[in-house]
file my_file01.pdb (PDB, C-alpha atoms)
ATOM      1  CA  MET A  10      88.196 -24.499 -37.459  1.00  0.00           C
ATOM      2  CA  SER A  11      85.521 -27.183 -37.268  1.00  0.00           C
ATOM      3  CA  GLU A  12      81.890 -26.673 -38.220  1.00  0.00           C
ATOM      4  CA  ASP A  13      80.972 -26.985 -34.535  1.00  0.00           C
ATOM      5  CA  ASP A  14      83.329 -24.112 -33.703  1.00  0.00           C
ATOM      6  CA  VAL A  15      81.808 -22.012 -36.480  1.00  0.00           C
ATOM      7  CA  ARG A  16      78.266 -22.767 -35.263  1.00  0.00           C
ATOM      8  CA  THR A  17      79.126 -22.012 -31.642  1.00  0.00           C
ATOM      9  CA  ARG A  18      80.754 -18.689 -32.453  1.00  0.00           C
ATOM     10  CA  ALA A  19      77.973 -17.811 -34.902  1.00  0.00           C
ATOM     11  CA  CYS A  20      75.363 -18.374 -32.189  1.00  0.00           C
ATOM     12  CA  ARG A  21      77.326 -16.184 -29.788  1.00  0.00           C
ATOM     13  CA  LEU A  22      77.719 -13.484 -32.423  1.00  0.00           C
ATOM     14  CA  ALA A  23      74.030 -13.568 -33.380  1.00  0.00           C
ATOM     15  CA  GLU A  24      73.087 -13.256 -29.709  1.00  0.00           C
ATOM     16  CA  ALA A  25      75.509 -10.358 -29.253  1.00  0.00           C
ATOM     17  CA  LEU A  26      73.934  -8.563 -32.213  1.00  0.00           C
ATOM     18  CA  SER A  27      70.312  -9.132 -31.221  1.00  0.00           C
ATOM     19  CA  GLY A  28      68.486  -6.287 -29.567  1.00  0.00           C
ATOM     20  CA  GLU A  29      70.998  -3.928 -27.986  1.00  0.00           C
ATOM     21  CA  THR A  30      74.363  -4.723 -29.618  1.00  0.00           C
ATOM     22  CA  ASP A  31      77.038  -5.813 -27.133  1.00  0.00           C
ATOM     23  CA  PRO A  32      80.421  -4.743 -28.593  1.00  0.00           C
ATOM     24  CA  VAL A  33      82.403  -6.738 -26.022  1.00  0.00           C
ATOM     25  CA  ALA A  34      80.517  -9.930 -26.888  1.00  0.00           C
ATOM     26  CA  VAL A  35      80.959  -9.261 -30.618  1.00  0.00           C
ATOM     27  CA  ARG A  36      84.717  -8.908 -30.171  1.00  0.00           C
ATOM     28  CA  ALA A  37      84.802 -12.036 -27.995  1.00  0.00           C
ATOM     29  CA  ALA A  38      82.954 -14.067 -30.648  1.00  0.00           C
ATOM     30  CA  LEU A  39      85.543 -13.100 -33.262  1.00  0.00           C
ATOM     31  CA  ALA A  40      88.670 -12.990 -31.083  1.00  0.00           C
ATOM     32  CA  GLY A  41      91.657 -14.963 -32.304  1.00  0.00           C
ATOM     33  CA  LEU A  42      90.208 -15.765 -35.712  1.00  0.00           C
ATOM     34  CA  THR A  43      91.862 -15.254 -39.061  1.00  0.00           C
ATOM     35  CA  PRO A  44      89.968 -13.012 -41.488  1.00  0.00           C
ATOM     36  CA  GLN A  45      88.749 -16.100 -43.379  1.00  0.00           C
ATOM     37  CA  GLN A  46      87.507 -17.770 -40.192  1.00  0.00           C
ATOM     38  CA  ALA A  47      85.813 -14.565 -39.042  1.00  0.00           C
ATOM     39  CA  ASN A  48      84.099 -14.324 -42.429  1.00  0.00           C
ATOM     40  CA  ARG A  49      82.723 -17.866 -42.020  1.00  0.00           C
ATOM     41  CA  VAL A  50      81.410 -17.013 -38.551  1.00  0.00           C
ATOM     42  CA  VAL A  51      79.812 -13.743 -39.707  1.00  0.00           C
ATOM     43  CA  ARG A  52      78.116 -15.466 -42.646  1.00  0.00           C
ATOM     44  CA  ALA A  53      76.813 -18.245 -40.392  1.00  0.00           C
ATOM     45  CA  ALA A  54      75.531 -15.682 -37.875  1.00  0.00           C
ATOM     46  CA  ALA A  55      73.781 -13.758 -40.650  1.00  0.00           C
ATOM     47  CA  ALA A  56      72.099 -16.949 -41.826  1.00  0.00           C
ATOM     48  CA  LEU A  57      71.006 -17.722 -38.267  1.00  0.00           C
ATOM     49  CA  ARG A  58      69.525 -14.267 -37.804  1.00  0.00           C
ATOM     50  CA  ALA A  59      67.738 -14.483 -41.151  1.00  0.00           C
ATOM     51  CA  ARG A  60      66.095 -17.747 -40.088  1.00  0.00           C
ATOM     52  CA  THR A  61      65.081 -16.509 -36.643  1.00  0.00           C
ATOM     53  CA  THR A  62      64.019 -12.941 -37.457  1.00  0.00           C
ATOM     54  CA  VAL A  63      60.316 -12.407 -37.980  1.00  0.00           C
ATOM     55  CA  HIS A  64      59.429  -9.651 -40.442  1.00  0.00           C
TER
END
call {"tool": "encode", "arguments": {"input": "my_file01.pdb", "output": "structure tokens"}}
result
Amino acid sequence: MSEDDVRTRACRLAEALSGETDPVAVRAALAGLTPQQANRVVRAAAALRARTTVH
């Protein structure tokens, strides 16, 4: 999985988790990934949300 793939899926996952969580979009963002790949995507999405969330 390339870094571009990770970034793309992380953006989709972060969007799916923002506001009202969209379970279908969350599953779609992680579909077909190994546990290690899914972990990379989740960590990247968490970092994205941390940078874009205003406290």
call {"tool": "resolve_selection", "arguments": {"input": "my_file01.pdb", "expression": "the PyMOL selection byres ((chain A and resi 21-25) around 7)", "output": "NGL selection string"}}
result
:A and (17-20 or 26-27 or 30-31 or 34-35 or 38 or 54 or 58)
call {"tool": "axis_aligned_box", "arguments": {"input": "my_file01.pdb", "around": "segment 47-59 of chain A", "padding_each_side": "6 Å", "output": "lines of an AutoDock Vina configuration file"}}
result
center_x = 76.8
center_y = -16.0
center_z = -40.2
size_x = 30.1
size_y = 16.5
size_z = 16.8
call {"tool": "atom_distance", "arguments": {"input": "my_file01.pdb", "atom1": "atom CA of Pro32 of chain A", "atom2": "atom CA of Asn48 of chain A"}}
result
17.2 Å
call {"tool": "atom_distance", "arguments": {"input": "my_file01.pdb", "atom1": "atom CA of Glu29 of chain A", "atom2": "atom CA of Ser11 of chain A"}}
result
28.9 Å
call {"tool": "atom_distance", "arguments": {"input": "my_file01.pdb", "atom1": "atom CA of Leu39 of chain A", "atom2": "atom CA of Val15 of chain A"}}
result
10.2 Å
call {"tool": "closest_residue", "arguments": {"input": "my_file01.pdb", "among": "A:Gly28, A:Arg16, A:Met10, A:Arg36", "to": "Leu57 of chain A", "atoms": "only C-alpha atoms"}}
result
A:Arg16
